[in-house]
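Colleague: So that we are looking at the same thing, I have put the structure below in structure tokens.
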Amino acid sequence: MLSLCARRSSAPSFRAAAHRAYATNSTASSLPPLPPTSQWRRTFPTLNTLRRDRAVVCNPDSARRVARSFLPPPKDSNGGKVVIEAFPGPGALSRAMLELPSSNLRKLIILEDDELYLSALKPLEEADSRVTVLPMSGHNWDSYSHIEEHGLLEDVRTQPWEGDSPNLHFVAHLPLNVKGEQLIAQLFRCIPERSWLFQYGRVPMSIVLSDYVWGRLTAPPKSPRRCKLAVIAEGTAEIEESVDPESLKPYGDHFFPIPVAAPSGKFAAKKVGQPMHAFTATPYAEQVIQRGDTDKWDYCLRRLFVLKNTPLENAMNSLAPGATSLLKDLKDTRLPLHERVKTAKPPRDLTLADWALLLRAFNNWPFRPEDLMIGDAFKDEGE
């Protein structure tokens, strides 16, 4: 990461910009305000490549709309949510959530490791006792271990998996880079294993992300965007858009940073400046992927999606030598129709039910590979 020290002299300090904004902005909030969005490019320069790849809400009204959709009024009177927010940027969404009453939001734990953005977030701790700002990255497991080890989740009530969601909620802006795509894949993989925050129960995740990743996350069978992420997400959580994506267009009216030039070329869809979505994912009480089987699903999905347009009957040997022997178990005419897989279909066209049947056959195969290791969570992995 580029040193931030050398840039402070060329950018106005956040505190000075905040005071100027406070004099001109009319708001019911008593929180330290952010500078007007017209000043963000100067206050938060995007010379830092990592900062340039992080689209965050900057429009206060848009932030309030997203915050209310992520944290609606509670159904009971047991207190508000404990929210862990990752990648908040300067904190427009953070401030919008803090405008909600304590019956909606009991505690806000913010993870941010960008020094310039931290200067805009730290004053929130002084203004609202519900806030804890940690100079740590939302990418790292250690950040979440730190939260637990320091007792910040002591008031989170663990719930049985089949019961209601606990009073814990994860909120994030997903970075628009490879690490962001890897992160969201890892979070959904944690659901069936009940690891990470899901040790407390069916914790909702509310995420702001690009249209490109949204398309991959929700791609149905036969879609060109259908991938491993889409299958695992479909099998683990109910995913609902929190706000109408049309209300978040055009990008430049709602998000920062604004690209100097319109994205173009092969990878334009992955760049900052494309349409954005906000959604909430709530884990299913009944999981298709059984606890302990996630690595097997990951292995089969990854291997077969390499040949996503090849008929399954011709792609099976990519799992391991001799894996074509599983075909007879998938299309056995003695099985009920709903327990058979049409092996002429390519992996891209398989439904979640098809994948479940394929994994059942793989699980029962005495010659399946023993080494299914895919590396530790949050490490680099390809799709």
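Just remember, in the structure tokens the first chain shown is A, the second B, etc., residues are 1-based per chain, and ligands are 1-based in the order shown.
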If you run DSSP over the backbone, which residues in segment 224-379 of chain A end up strand (DSSP E)? Put them as a PyMOL selection string.
Modeller: chain A and resi 237-241+255-256+276-283
Colleague: Next, dump the selected residues to file, keeping only N, CA and C atoms, as a short mmCIF file (atom, residue, chain, number, x, y, z; two decimals), in the first residue's frame.
Modeller:
data_model
loop_
_atom_site.label_atom_id
_atom_site.label_comp_id
_atom_site.auth_asym_id
_atom_site.auth_seq_id
_atom_site.Cartn_x
_atom_site.Cartn_y
_atom_site.Cartn_z
N ALA A 237 -28.45 -19.91 1.23
CA ALA A 237 -29.12 -18.73 1.80
C ALA A 237 -30.20 -18.19 0.89
N GLU A 238 -31.20 -17.58 1.51
CA GLU A 238 -32.22 -16.82 0.78
C GLU A 238 -31.64 -15.43 0.51
N ILE A 239 -31.58 -15.07 -0.75
CA ILE A 239 -30.95 -13.81 -1.15
C ILE A 239 -32.02 -12.89 -1.72
N GLU A 240 -32.16 -11.72 -1.11
CA GLU A 240 -33.16 -10.76 -1.55
C GLU A 240 -32.53 -9.38 -1.70
N GLU A 241 -32.84 -8.70 -2.80
CA GLU A 241 -32.37 -7.34 -2.95
C GLU A 241 -33.05 -6.46 -1.91
N PHE A 255 -22.45 6.80 -5.57
CA PHE A 255 -21.26 6.09 -5.10
C PHE A 255 -19.98 6.87 -5.39
N PHE A 256 -18.96 6.50 -4.62
CA PHE A 256 -17.61 7.03 -4.76
C PHE A 256 -16.65 5.85 -4.74
N MET A 276 -24.73 -0.86 -9.24
CA MET A 276 -24.52 -1.52 -7.95
C MET A 276 -25.83 -2.10 -7.42
N HIS A 277 -25.70 -3.06 -6.52
CA HIS A 277 -26.85 -3.71 -5.90
C HIS A 277 -26.63 -3.77 -4.39
N ALA A 278 -27.71 -3.84 -3.65
CA ALA A 278 -27.66 -4.04 -2.20
C ALA A 278 -28.60 -5.20 -1.87
N PHE A 279 -28.09 -6.19 -1.17
CA PHE A 279 -28.91 -7.37 -0.87
C PHE A 279 -28.67 -7.84 0.55
N THR A 280 -29.60 -8.67 1.04
CA THR A 280 -29.44 -9.36 2.31
C THR A 280 -29.58 -10.85 2.08
N ALA A 281 -28.65 -11.61 2.61
CA ALA A 281 -28.67 -13.07 2.53
C ALA A 281 -28.92 -13.64 3.92
N THR A 282 -29.96 -14.44 4.05
CA THR A 282 -30.28 -15.09 5.33
C THR A 282 -30.13 -16.59 5.17
N PRO A 283 -29.23 -17.23 5.92
CA PRO A 283 -29.02 -18.67 5.76
C PRO A 283 -30.29 -19.48 5.97
#
Colleague: Show me, as a Markdown table, the residues of segment 231-263 of chain A having an atom within 10 Å of segment 189-201 of chain A, each with the closest atom pair and its distance in Å, using only C-alpha atoms.
Modeller:
| residue | atom | partner | partner_atom | distance |
| --- | --- | --- | --- | --- |
| A:Ile232 | CA | A:Arg189 | CA | 7.1 |
| A:Ala233 | CA | A:Arg189 | CA | 8.2 |
| A:Gly235 | CA | A:Pro192 | CA | 9.1 |
| A:Thr236 | CA | A:Ile191 | CA | 6.5 |
| A:Ala237 | CA | A:Ile191 | CA | 8.1 |
Colleague: Generate a file of the selected residues that holds N, CA and C atoms, formatted as a short mmCIF file (atom, residue, chain, number, x, y, z; two decimals), in the first residue's frame.
Modeller:
data_model
loop_
_atom_site.label_atom_id
_atom_site.label_comp_id
_atom_site.auth_asym_id
_atom_site.auth_seq_id
_atom_site.Cartn_x
_atom_site.Cartn_y
_atom_site.Cartn_z
N ILE A 232 -23.37 -22.52 -4.75
CA ILE A 232 -23.24 -22.55 -3.29
C ILE A 232 -24.16 -21.52 -2.64
N ALA A 233 -24.27 -20.34 -3.23
CA ALA A 233 -25.16 -19.32 -2.67
C ALA A 233 -26.61 -19.79 -2.73
N GLY A 235 -27.72 -22.75 -2.61
CA GLY A 235 -27.95 -23.85 -1.68
C GLY A 235 -27.87 -23.48 -0.22
N THR A 236 -27.37 -22.28 0.10
CA THR A 236 -27.11 -21.96 1.50
C THR A 236 -27.96 -20.83 2.08
N ALA A 237 -28.45 -19.91 1.23
CA ALA A 237 -29.12 -18.73 1.80
C ALA A 237 -30.20 -18.19 0.89
#
Colleague: Separation of atom CA of Glu313 of chain A and atom CA of Thr343 of chain A, in Å?
Modeller: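 Going from atom CA of Glu313 of chain A over to atom CA of Thr343 of chain A covers 5.2 Å.
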Colleague: Which residue, A:Gln182, A:His169, A:Asp332, A:Val243, has the smallest gap to Arg64 of chain A when you use only C-alpha atoms?
Modeller: A:Val243
Colleague: When distances are computed from only C-alpha atoms, which of A:Gln39, A:Ser206, A:Ser223, A:Thr218 shows the smallest separation from Arg348 of chain A?
Modeller: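 Using only C-alpha atoms, the shortest distance to Arg348 of chain A belongs to A:Ser223.
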Colleague: Between A:Val57, A:Lys331, A:Glu99, A:Pro32, which is the closest to Lys122 of chain A once you count only C-alpha atoms?
Modeller: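 Among A:Val57, A:Lys331, A:Glu99, A:Pro32, it is A:Pro32 that comes nearest to Lys122 of chain A.
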Colleague: For Ala344 of chain A, find every residue with an atom within 10 Å (counting only C-alpha atoms), except residues of its own chain fewer than 6 positions away, and show them as a list in words.
Modeller: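 These residues fall inside the cut-off: Thr310, Pro311, Leu312, Glu313 and Asn314 of chain A.
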Colleague: Would you list, as a ChimeraX atom specification, the residues of segment 205-267 of chain A that end up in alpha helix (DSSP H) under DSSP run on this structure's backbone?
Modeller: /A:211-217,228-236
Colleague: Could you name the residues that touch Gln274 of chain A at 7 Å or less, counting only C-alpha atoms, but leaving out those on the same chain fewer than 6 positions away, as a PDB file with N, CA, C and O atoms, in the first residue's frame?
Modeller:
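The resulting file, out22.pdb, is shown below:
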ATOM      1  N   SER A 210     -21.109  -4.969  -6.811  1.00  0.00           N
ATOM      2  CA  SER A 210     -21.255  -4.584  -8.213  1.00  0.00           C
ATOM      3  C   SER A 210     -22.238  -5.473  -8.946  1.00  0.00           C
ATOM      4  O   SER A 210     -22.511  -6.609  -8.550  1.00  0.00           O
ATOM      5  N   ASP A 211     -22.739  -4.964 -10.054  1.00  0.00           N
ATOM      6  CA  ASP A 211     -23.653  -5.732 -10.894  1.00  0.00           C
ATOM      7  C   ASP A 211     -22.978  -6.994 -11.414  1.00  0.00           C
ATOM      8  O   ASP A 211     -23.621  -8.039 -11.558  1.00  0.00           O
ATOM      9  N   TYR A 251     -24.611   5.426 -11.284  1.00  0.00           N
ATOM     10  CA  TYR A 251     -23.572   5.195 -10.285  1.00  0.00           C
ATOM     11  C   TYR A 251     -23.053   6.495  -9.674  1.00  0.00           C
ATOM     12  O   TYR A 251     -22.935   6.622  -8.447  1.00  0.00           O
TER      13      TYR A 251
END
Colleague: Please, which residues in segment 127-165 of chain A fall within 12 Å of segment 176-180 of chain A when counting only C-alpha atoms, and what is the closest atom pair and distance in Å to one decimal for each, ordered by chain then residue number, as a tab-separated table?
Modeller:
residue	atom	partner	partner_atom	distance
A:Ser137	CA	A:Lys179	CA	11.9
A:Gly138	CA	A:Gly180	CA	10.1
A:His139	CA	A:Lys179	CA	8.0
A:Asn140	CA	A:Lys179	CA	11.0
Colleague: Output C-alpha atoms for every residue in the selection just made, as a PDB file, in the first residue's frame.
Modeller:
ATOM      1  CA  SER A 137      -9.177  -5.423   7.474  1.00  0.00           C
ATOM      2  CA  GLY A 138     -12.455  -7.202   6.804  1.00  0.00           C
ATOM      3  CA  HIS A 139     -10.499  -9.664   4.654  1.00  0.00           C
ATOM      4  CA  ASN A 140      -8.663 -11.287   7.571  1.00  0.00           C
TER       5      ASN A 140
END
Colleague: So that I can see what lies close to Pro73 of chain A, please list as an mmCIF file with all heavy atoms, in the first residue's frame the residues with an atom at most 10 Å from it, counting only C-alpha atoms and leaving out residues fewer than 4 positions away in the same chain.
Modeller:
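Below is the file that was written, part37.cif:
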data_model
loop_
_atom_site.group_PDB
_atom_site.id
_atom_site.type_symbol
_atom_site.label_atom_id
_atom_site.label_comp_id
_atom_site.auth_asym_id
_atom_site.auth_seq_id
_atom_site.Cartn_x
_atom_site.Cartn_y
_atom_site.Cartn_z
ATOM 1 N N ARG A 68 -31.833 1.651 6.206
ATOM 2 C CA ARG A 68 -33.167 1.243 6.672
ATOM 3 C C ARG A 68 -33.554 -0.123 6.110
ATOM 4 O O ARG A 68 -34.248 -0.897 6.779
ATOM 5 C CB ARG A 68 -34.204 2.298 6.281
ATOM 6 C CG ARG A 68 -34.099 3.597 7.075
ATOM 7 C CD ARG A 68 -35.337 4.463 6.873
ATOM 8 N NE ARG A 68 -35.467 4.910 5.485
ATOM 9 C CZ ARG A 68 -35.003 6.059 5.023
ATOM 10 N NH1 ARG A 68 -34.354 6.883 5.835
ATOM 11 N NH2 ARG A 68 -35.173 6.398 3.757
ATOM 12 N N SER A 69 -33.114 -0.419 4.888
ATOM 13 C CA SER A 69 -33.451 -1.723 4.303
ATOM 14 C C SER A 69 -32.644 -2.846 4.946
ATOM 15 O O SER A 69 -33.137 -3.967 5.091
ATOM 16 C CB SER A 69 -33.205 -1.705 2.789
ATOM 17 O OG SER A 69 -31.814 -1.677 2.488
ATOM 18 N N SER A 77 -38.977 -6.978 21.111
ATOM 19 C CA SER A 77 -38.455 -5.863 21.925
ATOM 20 C C SER A 77 -37.199 -6.275 22.685
ATOM 21 O O SER A 77 -36.943 -5.785 23.773
ATOM 22 C CB SER A 77 -39.534 -5.405 22.911
ATOM 23 O OG SER A 77 -39.963 -6.488 23.724
ATOM 24 N N GLY A 80 -31.721 -3.987 19.804
ATOM 25 C CA GLY A 80 -31.307 -3.895 18.412
ATOM 26 C C GLY A 80 -30.183 -4.848 18.058
ATOM 27 O O GLY A 80 -29.704 -5.629 18.879
ATOM 28 N N LEU A 100 -30.295 5.424 13.064
ATOM 29 C CA LEU A 100 -31.389 4.552 13.485
ATOM 30 C C LEU A 100 -31.400 4.443 15.005
ATOM 31 O O LEU A 100 -30.355 4.548 15.657
ATOM 32 C CB LEU A 100 -31.226 3.159 12.865
ATOM 33 C CG LEU A 100 -31.254 3.107 11.334
ATOM 34 C CD1 LEU A 100 -30.917 1.696 10.848
ATOM 35 C CD2 LEU A 100 -32.616 3.535 10.806
ATOM 36 N N PRO A 101 -32.561 4.214 15.590
ATOM 37 C CA PRO A 101 -32.633 4.118 17.057
ATOM 38 C C PRO A 101 -31.946 2.854 17.573
ATOM 39 O O PRO A 101 -31.703 1.909 16.810
ATOM 40 C CB PRO A 101 -34.141 4.075 17.317
ATOM 41 C CG PRO A 101 -34.740 3.537 16.059
ATOM 42 C CD PRO A 101 -33.883 4.081 14.950
ATOM 43 N N SER A 103 -33.137 0.602 19.181
ATOM 44 C CA SER A 103 -33.998 -0.571 19.017
ATOM 45 C C SER A 103 -33.705 -1.283 17.699
ATOM 46 O O SER A 103 -34.014 -2.465 17.536
ATOM 47 C CB SER A 103 -35.479 -0.168 19.067
ATOM 48 O OG SER A 103 -35.766 0.800 18.078
ATOM 49 N N ASN A 104 -33.105 -0.566 16.735
ATOM 50 C CA ASN A 104 -32.654 -1.174 15.478
ATOM 51 C C ASN A 104 -31.186 -1.572 15.556
ATOM 52 O O ASN A 104 -30.798 -2.638 15.092
ATOM 53 C CB ASN A 104 -32.814 -0.194 14.310
ATOM 54 C CG ASN A 104 -34.250 0.098 13.955
ATOM 55 O OD1 ASN A 104 -35.041 0.462 14.815
ATOM 56 N ND2 ASN A 104 -34.594 -0.045 12.682
ATOM 57 N N LEU A 105 -30.374 -0.663 16.128
ATOM 58 C CA LEU A 105 -28.922 -0.852 16.169
ATOM 59 C C LEU A 105 -28.423 -0.670 17.592
ATOM 60 O O LEU A 105 -28.450 0.427 18.144
ATOM 61 C CB LEU A 105 -28.237 0.162 15.243
ATOM 62 C CG LEU A 105 -26.709 0.145 15.241
ATOM 63 C CD1 LEU A 105 -26.181 -1.151 14.630
ATOM 64 C CD2 LEU A 105 -26.158 1.356 14.496
#
Colleague: Can you measure atom CA of Leu183 of chain A to atom CA of Glu85 of chain A for me? One decimal in Å is fine.
Modeller: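 If I compute the distance from atom CA of Leu183 of chain A to atom CA of Glu85 of chain A, I get 14.3 Å.
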